[in-house]
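S.K.: Below: one structure in structure tokens.
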Amino acid sequence: MTIHAIRHLRTSWNDEGLMQGLTDIELLESDALNNSLIASISDELEQVKPDLVLVSPLKRAVQTADRLGLDYSIEPLVSEMSFGRFEGLPKTQMLDEMSDSWLGDPLASDLKGEFEQLEIRIRLFLEKYEMNLIILIVSHGAFIRGLISIINSGSLTGMNERIVENGKLITMQVD
């Protein structure tokens with residue numbers, strides 16, 4: 001199975017460095033960088049012929065899929081994780097408080113329960129869609145980082161050492 005993943009386009013909270021999680025933030029309106037990302041992704045998507053397109057139910061993902069002109073289904077399994085008490089706060093504050101556990105072992109962090117829920121959803125997603133050959137998802141940073149980590153190493157360990165930029169297409173091969 002091949003999974004192509006796009007992290008949603010930029011929001012005001014992305015620009016401000018705030019943790020979004022399940023807070024339902026809309027995309028930036030009339031944003032030159034988002035428009036540039038759309039053009040770039042659209043060119044890349046011409047090479048991708050997915051059997052299925054799945055989108056997180058959060059506004060920023062749905063709006064990204066709409067702006068890309070995708071024909072999709074909403075799939076809650078590919079939604080973002082909750083960042084609990086850190087939602088709406090600067091990412092730097094969260095990193096200061098969680099330091100090494102955020103990067104090395106997220107299941108040892110203050111957000112252990114949220115990461116456990118993320119891991120369950122990723123595994124359910126992989127199991128549910130294992131029979132599909134090519135899938136395109138429009139999702140979120142933590143979900144995509146976690147998906148890459150589970151595909152590559154079988155766990156979430158080190159997932160937050162990865163960077164998944166807004167509006168970028170990432171391809172993963174699942175054996």
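Identifiers in this document derive from the order of the structure tokens: chains are assigned A, B, ..., residues are numbered from 1 separately in each chain, and ligands are numbered from 1 in order of occurrence.
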Contacts between segment 145-149 of chain A and segment 79-99 of chain A, please, where a residue of segment 79-99 of chain A counts if it comes within 12 Å (with only C-alpha atoms); show its shortest atom pair and distance in Å to one decimal, rows by chain and ascending number, as JSON lines.

M.R.:
```
{"residue": "A:Ser79", "atom": "CA", "partner": "A:Gly146", "partner_atom": "CA", "distance": 11.8}
{"residue": "A:Glu80", "atom": "CA", "partner": "A:Gly146", "partner_atom": "CA", "distance": 10.4}
{"residue": "A:Met81", "atom": "CA", "partner": "A:Gly146", "partner_atom": "CA", "distance": 10.1}
```

S.K.: As an MDAnalysis selection string, please: every residue in segment 44-109 of chain A that a backbone DSSP assignment puts in strand (DSSP E or B).

M.R.: chainID A and resid 52:55 73:74 90

S.K.: Which one of A:Leu9, A:Leu22, A:Leu77, A:Ile134 sits closest to Asp51 of chain A if you count only C-alpha atoms?

M.R.: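 Distance minimum relative to Asp51 of chain A lands on A:Ile134.
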
S.K.: Counting only C-alpha atoms, what is within 8 Å of Asp105 of chain A, bar same-chain residues fewer than 5 positions away, as an MDAnalysis selection string?

M.R.: chainID A and resid 100 156:158

S.K.: Using C-alpha atoms, can you write the selected residues to a file as a CSV table (one decimal), in the first residue's frame?

M.R.:
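Below is the file that was written, part07.csv:
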```csv
chain,number,residue,atom,x,y,z
A,100,ASP,CA,13.1,15.4,26.2
A,156,LEU,CA,5.6,6.5,18.1
A,157,THR,CA,9.1,6.8,19.6
A,158,GLY,CA,11.0,9.6,17.9
```

S.K.: Counting only C-alpha atoms, what is within 10 Å of Leu70 of chain A, bar same-chain residues fewer than 2 positions away, as a PyMOL selection string?

M.R.: chain A and resi 42+45+53-55+62+64-68+72-73+136+138

S.K.: Between A:Ser109, A:Thr2, A:Ser30, A:Val174, which is the closest to Val48 of chain A once you count only C-alpha atoms?

M.R.: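 Closest residue, counting only C-alpha atoms: A:Thr2.
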
S.K.: Which of segment 80-158 of chain A counts as helix (DSSP H, G or I) under DSSP, as a ChimeraX atom specification please?

M.R.: /A:84-86,91-103,106-108,112-128,141-153

S.K.: How far is it from atom CA of Arg162 of chain A to atom CA of Ile144 of chain A, in Å with one decimal?

M.R.: 9.6 Å

S.K.: Could you state the separation of atom CA of Phe125 of chain A and atom CA of Ile6 of chain A in Å, given to one decimal place?

M.R.: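 Going from atom CA of Phe125 of chain A over to atom CA of Ile6 of chain A, I get 15.8 Å.
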
S.K.: Considering only C-alpha atoms, return as a PyMOL selection string whatever protein or nucleic-acid residues lie within 8 Å of Arg60 of chain A, sequence-local ones (same chain, fewer than 3 positions apart) excluded.

M.R.: chain A and resi 8-9+11+24-27+63-64

S.K.: Looking at A:Arg85, A:Thr92, A:Asp43, A:Ile3, which one is nearest to Glu16 of chain A, with distances taken over only C-alpha atoms?

M.R.: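 When distances to Glu16 of chain A are compared using only C-alpha atoms, the smallest one comes from A:Thr92.
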
S.K.: List as a PyMOL selection string the protein and nucleic acid residues near segment 165-171 of chain A, meaning an atom at most 8 Å away when only C-alpha atoms are counted, but skip any in the same chain fewer than 2 places from it.

M.R.: chain A and resi 2-10+34+37-38+41+44+141+163+173

S.K.: Using only C-alpha atoms, find the one residue out of A:Pro90, A:Glu75, A:Asp110, A:Leu118 that sits nearest to Asp15 of chain A.

M.R.: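 Once distances to Asp15 of chain A are computed over only C-alpha atoms, the minimum belongs to A:Pro90.
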
S.K.: Quick one: distance from atom CA of Pro106 of chain A to atom CA of Leu18 of chain A in Å, one decimal?

M.R.: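 Straight-line distance from atom CA of Pro106 of chain A to atom CA of Leu18 of chain A works out to 18.7 Å.
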
S.K.: Would you mind telling me which residue in A:Gly88, A:Leu103, A:Glu29, A:Val78 lies nearest to Arg123 of chain A when using only C-alpha atoms?

M.R.: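 Comparing A:Gly88, A:Leu103, A:Glu29, A:Val78 against Arg123 of chain A, the winner is A:Val78.
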
S.K.: I need the residue nearest Asn14 of chain A from this list: A:Leu133, A:Leu89, A:Leu58, A:Leu52. Use only C-alpha atoms for the distance.

M.R.: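 Among A:Leu133, A:Leu89, A:Leu58, A:Leu52, it is A:Leu89 that comes nearest to Asn14 of chain A.
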